[in-house]
Amino acid sequence: MKLTLKIWRQENASAAGAMHTYELDGVSQDMSFLEMLDLLNEQLVTSGQEPVAFDSDCREGICGTCSLMINGEAHGPEVTTTCQLHMRSFTDGETITIEPWRADPFPVLKDLVVDRSAFDRIIQSGGYISANTGSAPEANSVPAPRDKAMRAFNAATCIGCGACVAACPNGSASLFMGAKITALGELPQGQPERYSRVVDMVAQHDAEGFGGCTNIGECTNACPKEIPLDVISQLNKDLRTAIAQGR
Amino acid sequence: MASVHFLPGLTPTNTAPVQKSDDAAGFYVLGDKLVDPKAPTGPIAERWTTRKFENRLVNPANRRKLNIIIVGTGLAGGAAAATLGEAGYNVKVFCYQDSPRRAHSIAAQGGINAAKNYKEDGDSTYRLFYDTVKGGDYRARESNVYRLAEESANIIDQCVAQGVPFAREYGGLLDNRSFGGVQVSRTFYARGQTGQQLLLGAYQALERQVAEGTVEQFTRHEMLEVVVADGKARGIIARDMVTGAIETHIADVVVLATGGYGNVFYLSTNAMGSNVTASWRAHRKGAYMANPCYTQIHPTCIPVTGDHQSKLTLMSESLRNDGRVWVPKKAEDCEKDPRDIPEEDRDYFLERIYPAFGNLVPRDIASRAAKYMCDEGRGVGPTVREVGPNGEERQVRRGVYLDLTDAIRRLGRDKVEEKYDNLLDMYARITGENPYEVPMRIYPAVHYVMGGLWVDYELQSSIPGLFVTGEANFSDHGANRLGASALMQGLADGYFVLPNTIRDYLADGPFEAIDESHPAVVEALESVQERIDKFLSINGSRSVESFHKELGTIMWEYCGMERTKEGLIRAIGLIRDLKKEFWSNVRVLGSGESLNQDLEKAGRVADFIELGELMCIDALNRRESCGGHFRGESQTEDGEALRHDDEFAYVAAWEWGGDDGAPVLHKEDLIYTAIEMKQRSYK
Ligand SMILES: Cc1cc2nc3c(=O)[nH]c(=O)nc-3n(C[C@H](O)[C@H](O)[C@H](O)COP(=O)(O)OP(=O)(O)OC[C@H]3O[C@@H](n4cnc5c(N)ncnc54)[C@H](O)[C@@H]3O)c2cc1C
Ligand code: SF4
Ligand code: FES
């Protein structure tokens, strides 16, 4: 396949960026989207141009590192991660626009690489269960109902990629946050800190500059792990309870 | 016999090995025998408890004054950082990803073993210990493995308390499955995403400590050198991968939890960034590298489709429970649609060669059989370009069918979908083929390394004050690793072992203060800077990537599934040439003072090249077949792996011999007192 690529190039966080156009030939349908970029980079290096910086690590859809806006969609046209998107989803001769995640709390570091450390700080604010090493009770002494454990698991599959934020017109991280709150809140172990957790996490979310949720639903459409919108309802419900309890 | 250290009061079940062959003569220097100076004594079940009691304590007020550097935030590093932070030490933790949550441990699929005996099916600490030593082909240390089995049950308690959503039964209790040919159900799992859930547990515990201020976290930082001052590891040099700043971090002790080096083969199931740099830099500073040639090859991965391929994806081995593996009998059928090949023209080769185990033979055996079929010209799928044993290029199909047709007929499509849905979706996404209609294609791929930095029982390397945990050390798996045991080791090391052993070392601290003017720091800083400048100044004509690919091709061909003396000697020559070319012809663009992914890669590939040479020398010396190491010269009449316990029941610990010297081999005899050595057989 032959493609025209329009790619966001930006030297560093403070430099101004711009779209650059590259022609790329010899793309195979079997390549992943990132392997297509590898091919471009190989050609750039051989011709003495700096390669395009982009993030990836596991390349199997689980680490959440890769992150690209492809033709205006987070992770591109399919419900998956960029590393699992393959070139057979595109056609010969197509023009593809590639940009970094767009959201204020995710500043661009270089080209297509953004800084998502705001997510770590949201977790630091309360996205955990306080269980010191060595003080755990016997695992089976606390049974967890299977349906609740299943819901917890489904929410826990969030890979922290940030596609939900990139897709949201408000730049809200509510799906990410709701997933964590639901995962921990469905389990017996998560109860003691349940209400302080939601208050603290929401406060940090807002402090990072993420926007509020107005139930548009773009997040769940873009989420490669298909985290359902009801985790946001859970988040709001827990927050209301917490406020009612005067926390 | 006299040189052997037998544990006082214990009766060994084997004698010390005496090596007769010397295939690697001329490539190495023989050094002194090595003994694990911290090896415990006494009855095996009491060794760890006794050690925990005997190791000195550090009182809580003093912990605040002690600084610990941990490199790596996977299961081993993340768990250790969280635990040591909780204990009150000052911890700095480093990773090259943008968040600790993305460490390679996140990708583990199948599960984690623990001797909980929840199924009352006869499991016990001793049985887990026994299975693990046997699975490792008797090339692991018995005391370490016993400790691992002992701590396994605590891991599950810890993870459940953190909210890890393991699979549960209807009554709300934890569920188990059996895994990797073991006869008891001891594997805990969270669907196909066990590693992810365990890592998130450790990551959350870690972030909690970051918020508490006991742990300082440095993401997008790559450790490029270890500082060894006055004989002790006292810090690291790291590069801020965003600004390019070269930073010095000083501490009382350094822990490497930097994962495995399977990417030396270029294509593997490892994450793209997995590398050997931290271990290799430490090796060059005096840390021994043990059993580097032990590589686990996993039989069920999605095959290579062409030169563009950047990594390989694992398909859970559980598919072999229902799938039948075959290739066409006639080479001319290989291009055909498999559905058009009649039953009588199919060769179900595993069922044919291993009638007793059939498609369920162990990983190394299934892998080798698939390779032989393709070498014979009966592989399927797209042809790929390869460099053959004599250096000639060839076109080969690297794939065999894993066929679910019979299972679908027997169980119905719904059942098969229910069992393997996620996996089959993943396969369809990557290959663009529908596995319910067309047989899947699989091929072996590099998956895990059992070798790593040598450590003593306390996880300390041969450099005092440098500890190594998780996949980065060599200690627990021997020549082979059973499924679901790497996660167990990472977490046992991180949560329970290291925190108990490091305190004995720290009880001597705080150590004499050093600062950036110390000659060891200056030397380390300068060498890092020089190396970066060198990469940027060569300005040759070949990309870093092309060197990595070429190295991978050499390693896979000659140090992959089957190794021979001839091939390994050839590989060493090729790698030496490649190294020369790399340092004169690599092209790294951009600057050191910014985010520069090619520069990062250049450093890693340079280290992989040196490691590759050592792996070949290690493989050349070990003229026996064991676990993931199959030497063509050492097989039984019917082509099975043949171990030589009388010659090779030792750990090969290699000391860096200098840029122009040969590596020095130190042998640590493996003497068993609690277990007897036996040959494996699967026919
Ligand atoms: C696809 C796949 C499936 C698997 N499935 C299973 C399974 O089901 N069960 C099982 O038991 N095992 C499984 N394994 C093996 C297991 O996942 C790994 O062995 C284990 O997770 C390794 O953990 P670790 O903590 O030692 O290292 P890693 O998780 O690899 O962590 C390494 C850390 O070191 C950091 N690092 C490395 N180098 C540097 C440097 N120079 N500077 C700074 N930081 C650095 C990285 O950033 C990272 O944080 C699987 C492996 C793969 C590839
Ligand atoms: S909720 Fe979905 S889109 Fe958002 S970070 Fe998690 S996995 Fe990514
Ligand atoms: S690279 Fe890990 S999810 Fe894409």
# chains A, B, ... in the order shown; residues from 1 in each chain; ligands from 1
call {"tool": "residues_near_ligand", "arguments": {"ligand": "ligand 3", "cutoff": "8 Å", "atoms": "only C-alpha atoms and all ligand atoms", "output": "PyMOL selection string"}}
result
(chain A and resi 55-67+81-84+159+161) or (chain B and resi 102+271)
call {"tool": "write_last_selection", "arguments": {"atoms": "N, CA and C atoms", "output": "tab-separated table (two decimals), in the first residue's frame"}}
result
chain	number	residue	atom	x	y	z
A	55	ASP	N	5.08	6.64	21.55
A	55	ASP	CA	5.23	5.72	22.67
A	55	ASP	C	4.62	4.35	22.36
A	56	SER	N	5.29	3.29	22.78
A	56	SER	CA	4.67	1.96	22.76
A	56	SER	C	5.54	1.08	23.62
A	57	ASP	N	5.00	0.00	24.14
A	57	ASP	CA	5.85	-0.96	24.84
A	57	ASP	C	5.40	-2.40	24.62
A	58	CYS	N	4.26	-2.79	25.17
A	58	CYS	CA	3.90	-4.21	25.08
A	58	CYS	C	3.53	-4.62	23.66
A	59	ARG	N	2.96	-3.72	22.92
A	59	ARG	CA	2.44	-3.98	21.57
A	59	ARG	C	1.50	-5.18	21.55
A	60	GLU	N	0.82	-5.41	22.66
A	60	GLU	CA	-0.26	-6.39	22.60
A	60	GLU	C	-1.52	-5.94	23.32
A	61	GLY	N	-1.67	-4.63	23.44
A	61	GLY	CA	-2.95	-4.11	23.90
A	61	GLY	C	-3.18	-4.13	25.39
A	62	ILE	N	-2.13	-4.25	26.20
A	62	ILE	CA	-2.36	-4.42	27.63
A	62	ILE	C	-1.67	-3.37	28.50
A	63	CYS	N	-0.61	-2.73	28.01
A	63	CYS	CA	0.14	-1.83	28.90
A	63	CYS	C	-0.40	-0.41	28.88
A	64	GLY	N	-1.12	-0.05	27.82
A	64	GLY	CA	-1.70	1.28	27.74
A	64	GLY	C	-0.72	2.37	27.33
A	65	THR	N	0.47	2.00	26.86
A	65	THR	CA	1.46	3.01	26.53
A	65	THR	C	1.16	3.72	25.21
A	66	CYS	N	0.78	2.96	24.19
A	66	CYS	CA	0.60	3.59	22.87
A	66	CYS	C	-0.61	4.51	22.90
A	67	SER	N	-0.56	5.58	22.16
A	67	SER	CA	-1.65	6.55	22.24
A	67	SER	C	-1.57	7.46	21.03
A	81	THR	N	-6.51	-0.86	20.88
A	81	THR	CA	-5.39	0.05	21.07
A	81	THR	C	-4.66	0.26	19.74
A	82	THR	N	-3.85	1.29	19.67
A	82	THR	CA	-3.15	1.58	18.42
A	82	THR	C	-2.24	0.43	18.01
A	83	CYS	N	-1.64	-0.23	19.01
A	83	CYS	CA	-0.72	-1.33	18.67
A	83	CYS	C	-1.44	-2.52	18.10
A	84	GLN	N	-2.75	-2.64	18.35
A	84	GLN	CA	-3.51	-3.77	17.84
A	84	GLN	C	-4.32	-3.40	16.59
A	159	ILE	N	-6.70	0.08	31.17
A	159	ILE	CA	-5.25	0.07	31.00
A	159	ILE	C	-4.63	1.45	31.18
A	161	CYS	N	-4.88	4.16	29.43
A	161	CYS	CA	-4.30	4.70	28.20
A	161	CYS	C	-4.62	6.17	28.00
B	102	ARG	N	3.03	0.45	33.79
B	102	ARG	CA	3.21	-0.12	32.46
B	102	ARG	C	4.37	-1.10	32.36
B	271	ALA	N	8.01	-6.97	25.98
B	271	ALA	CA	7.68	-5.60	25.59
B	271	ALA	C	8.87	-4.99	24.84
call {"tool": "residues_around", "arguments": {"residues": "region 200-215 of chain A", "least_positions_apart": "4", "cutoff": "6 Å", "atoms": "only C-alpha atoms", "output": "PyMOL selection string"}}
result
chain A and resi 105+122+125-126+170-172
call {"tool": "write_last_selection", "arguments": {"atoms": "all heavy atoms", "output": "short mmCIF file (atom, residue, chain, number, x, y, z; two decimals), in the first residue's frame"}}
result
data_model
loop_
_atom_site.label_atom_id
_atom_site.label_comp_id
_atom_site.auth_asym_id
_atom_site.auth_seq_id
_atom_site.Cartn_x
_atom_site.Cartn_y
_atom_site.Cartn_z
N PRO A 105 -4.35 18.47 30.44
CA PRO A 105 -3.57 17.79 31.48
C PRO A 105 -2.58 16.77 30.91
O PRO A 105 -1.84 16.16 31.67
CB PRO A 105 -4.63 17.08 32.33
CG PRO A 105 -5.93 17.68 31.93
CD PRO A 105 -5.77 18.14 30.52
N ILE A 122 -3.67 10.97 40.28
CA ILE A 122 -5.05 10.65 40.70
C ILE A 122 -5.04 9.36 41.54
O ILE A 122 -5.70 9.28 42.58
CB ILE A 122 -5.98 10.52 39.47
CG1 ILE A 122 -6.17 11.89 38.82
CG2 ILE A 122 -7.33 9.93 39.88
CD1 ILE A 122 -7.05 11.88 37.58
N SER A 125 -3.82 9.94 45.01
CA SER A 125 -4.75 10.63 45.91
C SER A 125 -5.69 9.66 46.62
O SER A 125 -6.37 10.05 47.57
CB SER A 125 -5.53 11.68 45.15
OG SER A 125 -6.47 11.04 44.29
N GLY A 126 -5.75 8.40 46.19
CA GLY A 126 -6.64 7.48 46.91
C GLY A 126 -7.04 6.24 46.14
O GLY A 126 -7.84 5.44 46.62
N ASN A 170 -14.98 17.46 26.75
CA ASN A 170 -14.68 18.23 27.97
C ASN A 170 -13.30 17.90 28.53
O ASN A 170 -12.89 18.47 29.54
CB ASN A 170 -15.68 17.91 29.08
CG ASN A 170 -17.12 18.19 28.68
OD1 ASN A 170 -17.36 19.01 27.79
ND2 ASN A 170 -18.05 17.50 29.30
N GLY A 171 -12.64 16.91 27.96
CA GLY A 171 -11.36 16.48 28.51
C GLY A 171 -11.53 15.94 29.93
O GLY A 171 -10.71 16.20 30.82
N SER A 172 -12.57 15.16 30.14
CA SER A 172 -12.80 14.61 31.47
C SER A 172 -12.15 13.23 31.60
O SER A 172 -12.09 12.48 30.63
CB SER A 172 -14.31 14.47 31.71
OG SER A 172 -14.54 13.76 32.92
#
call {"tool": "residues_near_ligand", "arguments": {"ligand": "ligand 2", "cutoff": "8 Å", "atoms": "only C-alpha atoms and all ligand atoms", "output": "list in words"}}
result
Gly64, Thr157, Cys158, Ile159, Gly160, Cys161, Gly162, Ala163, Cys164, Val165, Ala173, Leu175, Phe176, Met177, Gly178, Ala179, Cys219, Thr220, Ala222, Cys223, Pro224, Lys225, Glu226 and Ile227 of chain A
call {"tool": "interface_residues", "arguments": {"of": "chain B", "to": "chain A", "cutoff": "6 Å", "atoms": "only C-alpha atoms", "output": "PyMOL selection string"}}
result
chain B and resi 83+102+157-158+160-162+165+168+170+172-173+204+207-208+211+271-273+589
call {"tool": "write_last_selection", "arguments": {"atoms": "N, CA and C atoms", "output": "JSON list (two decimals), in the first residue's frame"}}
result
[["chain", "number", "residue", "atom", "x", "y", "z"],
["B", 83, "THR", "N", 6.84, -2.04, 49.80],
["B", 83, "THR", "CA", 7.07, -2.66, 51.11],
["B", 83, "THR", "C", 8.15, -1.93, 51.90],
["B", 102, "ARG", "N", 3.03, 0.45, 33.79],
["B", 102, "ARG", "CA", 3.21, -0.12, 32.46],
["B", 102, "ARG", "C", 4.37, -1.10, 32.36],
["B", 157, "ASP", "N", -2.65, -14.00, 49.77],
["B", 157, "ASP", "CA", -3.29, -13.21, 50.84],
["B", 157, "ASP", "C", -3.05, -11.71, 50.62],
["B", 158, "GLN", "N", -1.81, -11.37, 50.36],
["B", 158, "GLN", "CA", -1.45, -9.97, 50.18],
["B", 158, "GLN", "C", -2.23, -9.35, 49.01],
["B", 160, "VAL", "N", -5.02, -10.35, 47.54],
["B", 160, "VAL", "CA", -6.46, -10.26, 47.78],
["B", 160, "VAL", "C", -6.76, -9.07, 48.68],
["B", 161, "ALA", "N", -5.94, -8.87, 49.69],
["B", 161, "ALA", "CA", -6.15, -7.74, 50.60],
["B", 161, "ALA", "C", -6.07, -6.41, 49.85],
["B", 162, "GLN", "N", -5.24, -6.36, 48.80],
["B", 162, "GLN", "CA", -5.10, -5.13, 48.01],
["B", 162, "GLN", "C", -6.25, -4.93, 47.03],
["B", 165, "PRO", "N", -8.67, -8.63, 41.77],
["B", 165, "PRO", "CA", -9.89, -9.41, 41.51],
["B", 165, "PRO", "C", -9.62, -10.77, 40.89],
["B", 168, "ARG", "N", -13.33, -16.14, 41.06],
["B", 168, "ARG", "CA", -13.96, -16.70, 42.26],
["B", 168, "ARG", "C", -15.03, -17.71, 41.88],
["B", 170, "TYR", "N", -18.84, -19.57, 42.86],
["B", 170, "TYR", "CA", -20.13, -18.94, 43.18],
["B", 170, "TYR", "C", -20.24, -18.57, 44.65],
["B", 172, "GLY", "N", -18.12, -17.33, 46.44],
["B", 172, "GLY", "CA", -17.32, -16.15, 46.78],
["B", 172, "GLY", "C", -15.88, -16.47, 47.14],
["B", 173, "LEU", "N", -15.54, -17.77, 47.16],
["B", 173, "LEU", "CA", -14.16, -18.13, 47.48],
["B", 173, "LEU", "C", -13.32, -18.18, 46.20],
["B", 204, "GLN", "N", -0.53, 0.27, 42.93],
["B", 204, "GLN", "CA", -1.35, 1.09, 43.82],
["B", 204, "GLN", "C", -0.72, 1.21, 45.20],
["B", 207, "GLU", "N", 2.01, 3.72, 44.72],
["B", 207, "GLU", "CA", 1.54, 5.12, 44.62],
["B", 207, "GLU", "C", 1.10, 5.65, 45.98],
["B", 208, "ARG", "N", 0.58, 4.75, 46.79],
["B", 208, "ARG", "CA", 0.19, 5.15, 48.15],
["B", 208, "ARG", "C", 1.43, 5.63, 48.91],
["B", 211, "ALA", "N", 2.52, 9.05, 47.72],
["B", 211, "ALA", "CA", 1.72, 10.09, 48.36],
["B", 211, "ALA", "C", 2.17, 10.31, 49.81],
["B", 271, "ALA", "N", 8.01, -6.97, 25.98],
["B", 271, "ALA", "CA", 7.68, -5.60, 25.59],
["B", 271, "ALA", "C", 8.87, -4.99, 24.84],
["B", 272, "MET", "N", 8.58, -4.00, 24.00],
["B", 272, "MET", "CA", 9.61, -3.41, 23.14],
["B", 272, "MET", "C", 10.79, -2.86, 23.93],
["B", 273, "GLY", "N", 10.50, -2.30, 25.10],
["B", 273, "GLY", "CA", 11.57, -1.63, 25.84],
["B", 273, "GLY", "C", 12.39, -2.56, 26.74],
["B", 589, "LEU", "N", 20.57, 9.87, 15.09],
["B", 589, "LEU", "CA", 20.35, 11.29, 14.82],
["B", 589, "LEU", "C", 19.85, 12.02, 16.07]]
call {"tool": "closest_residue", "arguments": {"among": "B:Gly201, B:Gly639, B:Pro389, B:Gly452", "to": "Pro292 (chain B)", "atoms": "only C-alpha atoms"}}
result
B:Gly452
call {"tool": "residues_near_ligand", "arguments": {"ligand": "ligand 1", "cutoff": "7 Å", "atoms": "only C-alpha atoms and all ligand atoms", "output": "compact mmCIF listing (two decimals) with N, CA, C and O atoms, in the first residue's frame"}}
result
# COMPACT_ATOMS: atom_id res chain seq x y z
N VAL B 71 15.64 0.01 40.92
CA VAL B 71 15.45 0.25 39.50
C VAL B 71 14.49 -0.81 38.99
O VAL B 71 14.77 -2.01 39.09
N GLY B 72 13.34 -0.37 38.47
CA GLY B 72 12.33 -1.31 37.99
C GLY B 72 11.08 -1.25 38.83
O GLY B 72 11.14 -1.23 40.06
N THR B 73 9.94 -1.21 38.16
CA THR B 73 8.66 -1.11 38.86
C THR B 73 7.71 -2.21 38.43
O THR B 73 6.51 -2.06 38.46
N GLY B 74 8.27 -3.34 37.97
CA GLY B 74 7.42 -4.49 37.67
C GLY B 74 7.00 -5.13 38.98
O GLY B 74 7.06 -4.51 40.05
N LEU B 75 6.58 -6.38 38.92
CA LEU B 75 6.15 -7.04 40.15
C LEU B 75 7.26 -7.05 41.19
O LEU B 75 7.02 -6.79 42.36
N ALA B 76 8.48 -7.34 40.76
CA ALA B 76 9.57 -7.44 41.72
C ALA B 76 9.91 -6.08 42.30
O ALA B 76 9.98 -5.91 43.52
N GLY B 77 10.12 -5.08 41.45
CA GLY B 77 10.53 -3.77 41.93
C GLY B 77 9.40 -2.99 42.57
O GLY B 77 9.59 -2.33 43.61
N PHE B 94 12.82 3.80 40.01
CA PHE B 94 13.02 4.26 38.63
C PHE B 94 12.38 3.31 37.62
O PHE B 94 12.42 2.10 37.81
N CYS B 95 11.84 3.87 36.55
CA CYS B 95 11.44 3.02 35.42
C CYS B 95 11.54 3.84 34.14
O CYS B 95 11.54 5.06 34.17
N TYR B 96 11.65 3.13 33.02
CA TYR B 96 11.79 3.86 31.76
C TYR B 96 10.44 4.21 31.13
O TYR B 96 10.36 5.04 30.25
N GLN B 97 9.37 3.54 31.58
CA GLN B 97 8.05 3.87 31.04
C GLN B 97 7.54 5.19 31.63
O GLN B 97 8.13 5.72 32.57
N PRO B 100 4.80 3.59 36.39
CA PRO B 100 5.18 2.26 36.90
C PRO B 100 4.17 1.19 36.49
O PRO B 100 4.52 0.02 36.39
N ALA B 103 4.99 -1.44 33.48
CA ALA B 103 6.11 -2.39 33.44
C ALA B 103 5.66 -3.67 32.75
O ALA B 103 4.48 -4.02 32.75
N HIS B 104 6.63 -4.38 32.20
CA HIS B 104 6.33 -5.54 31.38
C HIS B 104 5.50 -6.62 32.11
O HIS B 104 4.77 -7.37 31.46
N SER B 105 5.58 -6.69 33.42
CA SER B 105 4.76 -7.67 34.16
C SER B 105 3.29 -7.57 33.80
O SER B 105 2.53 -8.53 33.97
N ILE B 106 2.87 -6.41 33.34
CA ILE B 106 1.46 -6.18 33.01
C ILE B 106 0.95 -7.17 31.98
O ILE B 106 -0.24 -7.44 31.89
N ALA B 107 1.86 -7.74 31.16
CA ALA B 107 1.43 -8.55 30.03
C ALA B 107 1.18 -10.01 30.36
O ALA B 107 0.65 -10.75 29.54
N ALA B 108 1.56 -10.44 31.57
CA ALA B 108 1.43 -11.87 31.88
C ALA B 108 -0.03 -12.30 31.82
O ALA B 108 -0.91 -11.60 32.31
N GLN B 109 -0.26 -13.46 31.22
CA GLN B 109 -1.64 -13.87 30.95
C GLN B 109 -2.17 -14.92 31.91
O GLN B 109 -3.18 -14.73 32.58
N GLY B 110 -1.47 -16.05 31.98
CA GLY B 110 -2.07 -17.26 32.52
C GLY B 110 -2.41 -17.29 33.99
O GLY B 110 -3.53 -17.59 34.38
N GLY B 111 -1.45 -16.99 34.87
CA GLY B 111 -1.78 -17.09 36.28
C GLY B 111 -0.55 -17.15 37.15
O GLY B 111 0.58 -17.05 36.69
N ILE B 112 -0.81 -17.32 38.46
CA ILE B 112 0.27 -17.37 39.44
C ILE B 112 0.04 -18.56 40.36
O ILE B 112 -1.07 -18.79 40.85
N THR B 194 -3.82 -11.90 34.43
CA THR B 194 -3.35 -12.01 35.80
C THR B 194 -2.22 -11.02 36.10
O THR B 194 -2.21 -10.37 37.14
N GLY B 195 -1.28 -10.92 35.18
CA GLY B 195 -0.14 -10.03 35.40
C GLY B 195 -0.60 -8.59 35.57
O GLY B 195 -0.13 -7.86 36.45
N HIS B 221 12.95 7.51 33.21
CA HIS B 221 14.36 7.62 33.59
C HIS B 221 15.00 6.29 33.27
O HIS B 221 14.47 5.24 33.63
N GLU B 222 16.14 6.31 32.62
CA GLU B 222 16.81 5.07 32.32
C GLU B 222 18.13 5.01 33.06
O GLU B 222 18.96 5.91 32.94
N MET B 223 18.31 3.93 33.82
CA MET B 223 19.57 3.75 34.51
C MET B 223 20.63 3.33 33.50
O MET B 223 20.44 2.38 32.75
N LEU B 224 21.75 4.04 33.47
CA LEU B 224 22.78 3.74 32.48
C LEU B 224 24.09 3.29 33.10
O LEU B 224 24.99 2.84 32.40
N ALA B 257 15.67 -4.49 39.60
CA ALA B 257 14.49 -5.33 39.37
C ALA B 257 14.05 -5.05 37.94
O ALA B 257 12.92 -4.69 37.68
N THR B 258 15.01 -5.22 37.04
CA THR B 258 14.86 -4.67 35.70
C THR B 258 14.39 -5.67 34.65
O THR B 258 14.42 -5.37 33.46
N GLY B 259 13.94 -6.86 35.09
CA GLY B 259 13.30 -7.77 34.15
C GLY B 259 14.28 -8.55 33.28
O GLY B 259 15.49 -8.55 33.51
N GLY B 260 13.74 -9.21 32.28
CA GLY B 260 14.53 -10.14 31.46
C GLY B 260 15.06 -9.51 30.19
O GLY B 260 14.72 -8.39 29.83
N THR B 269 8.27 -12.33 22.88
CA THR B 269 6.97 -11.90 23.40
C THR B 269 7.15 -10.76 24.41
O THR B 269 6.19 -10.28 24.98
N ASN B 270 8.39 -10.34 24.64
CA ASN B 270 8.64 -9.26 25.60
C ASN B 270 8.21 -7.90 25.06
O ASN B 270 8.13 -7.70 23.85
N ALA B 271 8.01 -6.97 25.98
CA ALA B 271 7.68 -5.60 25.59
C ALA B 271 8.87 -4.99 24.84
O ALA B 271 10.01 -5.41 25.01
N SER B 274 11.93 -3.79 26.92
CA SER B 274 12.65 -4.71 27.81
C SER B 274 14.10 -4.79 27.33
O SER B 274 14.36 -4.92 26.14
N ASN B 275 15.04 -4.73 28.26
CA ASN B 275 16.44 -4.60 27.84
C ASN B 275 17.36 -5.21 28.88
O ASN B 275 16.91 -5.64 29.94
N VAL B 276 18.65 -5.22 28.58
CA VAL B 276 19.59 -5.81 29.53
C VAL B 276 20.52 -4.76 30.12
O VAL B 276 21.41 -5.06 30.90
N THR B 277 20.31 -3.51 29.75
CA THR B 277 21.29 -2.47 30.09
C THR B 277 21.65 -2.42 31.57
O THR B 277 22.82 -2.41 31.93
N ALA B 278 20.65 -2.40 32.43
CA ALA B 278 20.96 -2.27 33.86
C ALA B 278 21.84 -3.44 34.31
O ALA B 278 22.87 -3.25 34.96
N THR B 313 3.40 -12.23 19.53
CA THR B 313 2.35 -12.28 20.55
C THR B 313 2.10 -13.72 20.96
O THR B 313 1.99 -14.61 20.14
N LEU B 314 2.03 -13.88 22.26
CA LEU B 314 1.79 -15.20 22.85
C LEU B 314 0.31 -15.54 22.74
O LEU B 314 -0.55 -14.69 22.90
N HIS B 447 10.46 -16.25 25.05
CA HIS B 447 9.44 -15.79 25.97
C HIS B 447 9.99 -15.31 27.31
O HIS B 447 9.51 -14.33 27.87
N TYR B 448 10.98 -15.99 27.84
CA TYR B 448 11.43 -15.71 29.21
C TYR B 448 12.88 -16.15 29.31
O TYR B 448 13.29 -17.09 28.66
N THR B 469 16.47 -8.72 41.90
CA THR B 469 15.24 -9.48 42.14
C THR B 469 14.47 -9.73 40.85
O THR B 469 14.69 -9.07 39.84
N GLY B 470 13.53 -10.67 40.92
CA GLY B 470 12.65 -10.94 39.77
C GLY B 470 13.39 -11.58 38.61
O GLY B 470 14.40 -12.26 38.80
N GLU B 471 12.88 -11.35 37.41
CA GLU B 471 13.45 -12.01 36.24
C GLU B 471 14.92 -11.62 36.03
O GLU B 471 15.68 -12.34 35.37
N ALA B 472 15.33 -10.50 36.56
CA ALA B 472 16.71 -10.04 36.36
C ALA B 472 17.73 -10.92 37.08
O ALA B 472 18.90 -10.90 36.72
N GLY B 483 5.00 -22.89 33.86
CA GLY B 483 4.03 -21.82 33.75
C GLY B 483 3.66 -21.28 35.12
O GLY B 483 3.74 -21.99 36.12
N ALA B 484 3.27 -20.00 35.17
CA ALA B 484 2.74 -19.38 36.38
C ALA B 484 3.73 -19.30 37.54
O ALA B 484 3.34 -19.11 38.68
N SER B 485 5.02 -19.45 37.26
CA SER B 485 5.97 -19.37 38.37
C SER B 485 6.83 -18.10 38.35
O SER B 485 7.49 -17.80 39.34
N ALA B 486 6.83 -17.35 37.25
CA ALA B 486 7.63 -16.12 37.22
C ALA B 486 6.95 -15.03 38.04
O ALA B 486 7.60 -14.27 38.75
N LEU B 487 5.62 -14.97 37.94
CA LEU B 487 4.89 -13.96 38.71
C LEU B 487 5.08 -14.24 40.19
O LEU B 487 5.27 -13.34 41.01
N MET B 488 5.05 -15.53 40.52
CA MET B 488 5.24 -15.94 41.91
C MET B 488 6.62 -15.48 42.40
O MET B 488 6.75 -14.92 43.49
N GLY B 490 8.54 -13.02 41.20
CA GLY B 490 8.63 -11.57 41.26
C GLY B 490 8.04 -11.04 42.55
O GLY B 490 8.62 -10.21 43.25
call {"tool": "residues_around", "arguments": {"residues": "Ser124 (chain B)", "least_positions_apart": "3", "cutoff": "12 Å", "atoms": "only C-alpha atoms", "output": "list of chain:residue names"}}
result
B:Ala45, B:Asn113, B:Ala114, B:Ala115, B:Lys116, B:Asn117, B:Tyr118, B:Lys119, B:Glu120, B:Asp121, B:Arg127, B:Leu128, B:Phe129, B:Tyr130, B:Asp131, B:Tyr146, B:Ala149, B:Glu150, B:Glu151, B:Ser152, B:Ala153, B:Val184, B:Ser185, B:Arg186
call {"tool": "select_by_dssp", "arguments": {"residues": "region 171-229 of chain B", "states": "strand (DSSP E)", "output": "list in words"}}
result
Thr187, Phe188, Val215, Glu216, Gln217, Phe218, His221, Glu222, Met223, Leu224, Glu225, Val226, Val227, Val228 and Ala229 of chain B
call {"tool": "closest_residue", "arguments": {"among": "B:Arg441, B:His298, B:Arg324, B:Lys329", "to": "Ile365 (chain B)", "atoms": "only C-alpha atoms"}}
result
B:His298
